[in-house]
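Undergrad: Here it is: the structure, laid out below.
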Amino acid sequence: MKAYSIIVIWAVAAVACCFKDKSDKYHTEDTTRMIHGTYNKEKNVVVVMPLERKVFKKQLVCNGKLEAQSKIALQFEAQGKIEQINVRDGQKVQKGQVLASLEKEQSRRHLEQARLQFDKAEMSLADRLLDYGYTLADTARIPADQKRVIYINTGFIDAQMSLDNAQRTYRLCDIEAPFAGKVASLKGRVYEQGGQLCTLIDDSRYLVRFCVLETEYGFVHVGQDVLVSPFVNRDVVLKGTILSINPTVDQNGQIAVTAQVPGSDRLMDGMNVRITVENSIPDQLVVPKSAVVIRDNMEVLFRIDPNTGHSLWTYVNVIMSNTTEHVVEANKERGADLNVGDRIIIRGNLNLGDDAEVVIE
């Protein structure tokens, strides 16, 4: 038994030695590659752009709310039970489209009776006109006073008014869309008594109401373009126009501004939105925001050194910013220099250092 244990120990030791030799061999090969310069170190791959002067879009960003330009609550003006509803919430409808109807049987009977009475009165009128030597086609030649007496005595005026009222009551059994739009807040139910049915929203245009500070009053003007984007989807950006500016400063030092924006299926009445007001400032050194990084708590961008092709650390001052760009100038206090035509690194600069070897993508 003792001899068997000795044999096992020797076998384990032999296997360990074998693995150690292989490990030492691989380690020696890696070291040799590094010594002879065949080891591939990570490269600084960057994207560059030429620095140029161009128009900068100075922006004022505000929060606001959408409001439908036209919105009306629709309800039945006639009495009766609802017989049919032809729409649902969110449905788009056209002007004149019938949205819902009341039961019409009683109104139909009243209309038929009114038509019958009108026909009788018209026949009586024709007979009376013959007594005066006129026909229905000659009513324009009859003196006004005489014509009125004839019409009253024959009951024609009463019959005509009754027919007009019956026709109006019959029409009021239907609710028609007064303009094209979208149905909202549908309340009516079939077989219930008629009342308020729904709200109709004109979604072809929206008003955007927002406020600017008193100090920002000079930044906005009527007719100015604005960009509107809902909070729920920043990818949706619509272009609008300022319609009016309230010439009064409220107790919070703010001025109310109203703009108009075209409709979209991704906008809703009452939706919270972000409004961006832009003014163009020409002849500025503009770079993407990604070009400026922070080093030593200061703003820095990297240029390509025209002599070495390496990165060149350059201190700058950011003068203005918008959502995507900076306006920059060289930080003269740090001895920096910045010129039109310089190749600016705009990507791959987060971990970059001064005088680093770079590969331009």
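Numbering starts fresh at 1 for the residues of each chain in the structure tokens, the chains themselves are lettered A, B, ... in the order given, and ligands are numbered from 1 as they appear.
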Quick one: residues within 6 Å of Ile201 of chain A, only C-alpha atoms, excluding same-chain residues fewer than 2 positions away - as a ChimeraX atom specification?
TA: /A:71,181-182,203
Undergrad: With all heavy atoms retained, could you export that selection as a PDB file, in the first residue's frame?
TA:
ATOM      1  N   LYS A  71     -61.894  73.759 -30.507  1.00  0.00           N
ATOM      2  CA  LYS A  71     -62.398  72.651 -29.698  1.00  0.00           C
ATOM      3  C   LYS A  71     -63.801  73.007 -29.239  1.00  0.00           C
ATOM      4  O   LYS A  71     -64.044  74.110 -28.762  1.00  0.00           O
ATOM      5  CB  LYS A  71     -61.470  72.416 -28.496  1.00  0.00           C
ATOM      6  CG  LYS A  71     -61.888  71.277 -27.611  1.00  0.00           C
ATOM      7  CD  LYS A  71     -60.785  70.914 -26.610  1.00  0.00           C
ATOM      8  CE  LYS A  71     -60.450  72.026 -25.671  1.00  0.00           C
ATOM      9  NZ  LYS A  71     -59.490  71.589 -24.620  1.00  0.00           N
ATOM     10  N   GLY A 181     -62.053  66.977 -37.621  1.00  0.00           N
ATOM     11  CA  GLY A 181     -61.240  66.878 -36.413  1.00  0.00           C
ATOM     12  C   GLY A 181     -61.245  65.482 -35.842  1.00  0.00           C
ATOM     13  O   GLY A 181     -61.495  64.497 -36.541  1.00  0.00           O
ATOM     14  N   LYS A 182     -60.986  65.417 -34.530  1.00  0.00           N
ATOM     15  CA  LYS A 182     -60.863  64.139 -33.839  1.00  0.00           C
ATOM     16  C   LYS A 182     -61.807  64.114 -32.642  1.00  0.00           C
ATOM     17  O   LYS A 182     -61.915  65.095 -31.895  1.00  0.00           O
ATOM     18  CB  LYS A 182     -59.414  63.939 -33.391  1.00  0.00           C
ATOM     19  CG  LYS A 182     -59.109  62.564 -32.837  1.00  0.00           C
ATOM     20  CD  LYS A 182     -57.624  62.437 -32.498  1.00  0.00           C
ATOM     21  CE  LYS A 182     -56.780  62.440 -33.753  1.00  0.00           C
ATOM     22  NZ  LYS A 182     -55.337  62.208 -33.450  1.00  0.00           N
ATOM     23  N   ASP A 203     -57.516  68.923 -34.922  1.00  0.00           N
ATOM     24  CA  ASP A 203     -56.112  68.547 -34.733  1.00  0.00           C
ATOM     25  C   ASP A 203     -55.240  68.906 -35.930  1.00  0.00           C
ATOM     26  O   ASP A 203     -54.102  68.451 -36.028  1.00  0.00           O
ATOM     27  CB  ASP A 203     -55.995  67.048 -34.448  1.00  0.00           C
ATOM     28  CG  ASP A 203     -56.514  66.190 -35.594  1.00  0.00           C
ATOM     29  OD1 ASP A 203     -57.258  66.731 -36.438  1.00  0.00           O
ATOM     30  OD2 ASP A 203     -56.182  64.993 -35.642  1.00  0.00           O
TER      31      ASP A 203
END
Undergrad: Please build the interface table for segment 25-125 of chain A against segment 299-317 of chain A with a cut-off of 12 Å, listing for each qualifying residue the nearest atom pair and the distance in Å to one decimal; count only C-alpha atoms, order rows by chain and increasing number, and write it as a Markdown table.
TA:
| residue | atom | partner | partner_atom | distance |
| --- | --- | --- | --- | --- |
| A:Asn44 | CA | A:Ser311 | CA | 9.8 |
| A:Val45 | CA | A:Ser311 | CA | 11.1 |
| A:Val46 | CA | A:Ser311 | CA | 9.8 |
| A:Val47 | CA | A:Ile304 | CA | 10.5 |
| A:Val48 | CA | A:Ile304 | CA | 8.3 |
| A:Met49 | CA | A:Arg303 | CA | 9.5 |
| A:Pro50 | CA | A:Arg303 | CA | 9.5 |
| A:Leu51 | CA | A:Arg303 | CA | 9.5 |
Undergrad: Please provide the set of residues having any atom within 6 Å of segment 269-277 of chain A, restricted to only C-alpha atoms, with same-chain residues fewer than 2 positions apart removed, written as number ranges by chain.
TA: A: 59-68, 226-231
Undergrad: Give the answer as one residue: which of A:Asp119, A:Asp127, A:Glu52, A:Leu197 has the shortest atom-to-atom distance to Asp283 of chain A, using only C-alpha atoms?
TA: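 The answer is A:Glu52, which sits nearest to Asp283 of chain A.
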Undergrad: Using DSSP on the backbone coordinates, identify all residues within segment 80-296 of chain A classified as strand (DSSP E); present the result as number ranges by chain.
TA: A: 82-85, 92-93, 98-102, 174-176, 181-184, 196-213, 225-230, 238-249, 254-262, 272-288, 293-295
Undergrad: Assign secondary structure with DSSP using the backbone only, and return the residues of segment 64-111 of chain A in helix (DSSP H, G or I) as a list of chain:residue names.
TA: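 Of segment 64-111 of chain A, only A:Glu105, A:Gln106, A:Ser107, A:Arg108, A:Arg109, A:His110, A:Leu111 fall in helix (DSSP H, G or I).
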Undergrad: Between A:Leu186, A:Leu238, A:Ile142, A:Ala159, which has the minimum distance to Met123 of chain A (counting only C-alpha atoms)?
TA: A:Ala159
Undergrad: Rounded to one decimal in Å, what is the spacing between atom CA of Arg53 of chain A and atom CA of Val328 of chain A?
TA: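 A separation of 10.5 Å between them.
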Undergrad: With only C-alpha atoms as the basis for distance, which of A:Glu333, A:Asp342, A:Glu176, A:Asp145 is at the shortest distance from Asn86 of chain A?
TA: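 Smallest separation from Asn86 of chain A among the options: A:Glu176.
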Undergrad: When you draw a straight line from atom CA of Val287 of chain A to atom CA of Val327 of chain A, how long is it in Å?
TA: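 Separation between atom CA of Val287 of chain A and atom CA of Val327 of chain A: 6.6 Å.
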Undergrad: Would you kindly return, as a PDB file with C-alpha atoms, in the first residue's frame, each protein, DNA or RNA residue with an atom no farther than 10 Å from any atom of Thr324 of chain A, considering only C-alpha atoms and excluding same-chain residues fewer than 5 positions away?
TA:
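Printed below is result-v1.pdb as written:
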ATOM      1  CA  LYS A  57     -28.271  78.965 -33.868  1.00  0.00           C
ATOM      2  CA  VAL A 287     -17.857  72.965 -33.071  1.00  0.00           C
ATOM      3  CA  PRO A 288     -19.965  69.967 -32.036  1.00  0.00           C
ATOM      4  CA  LYS A 289     -20.401  69.566 -28.298  1.00  0.00           C
ATOM      5  CA  SER A 290     -18.451  66.304 -28.471  1.00  0.00           C
TER       6      SER A 290
END
Undergrad: Which residue is closest to Thr154 of chain A? Choose from A:Phe118, A:Tyr170, A:Phe219, A:Phe56 and count only C-alpha atoms.
TA: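 That would be A:Phe118, the residue with the smallest distance to Thr154 of chain A.
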Undergrad: Could you tell me how far atom CA of Arg343 of chain A sits from atom CA of Asp296 of chain A, in Å to one decimal place?
TA: 22.7 Å
Undergrad: For Val98 of chain A, which residue among A:Cys173, A:Val318, A:Val293, A:Ala259 is the nearest when counting only C-alpha atoms?
TA: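 So, comparing all the options, the nearest one is A:Cys173.
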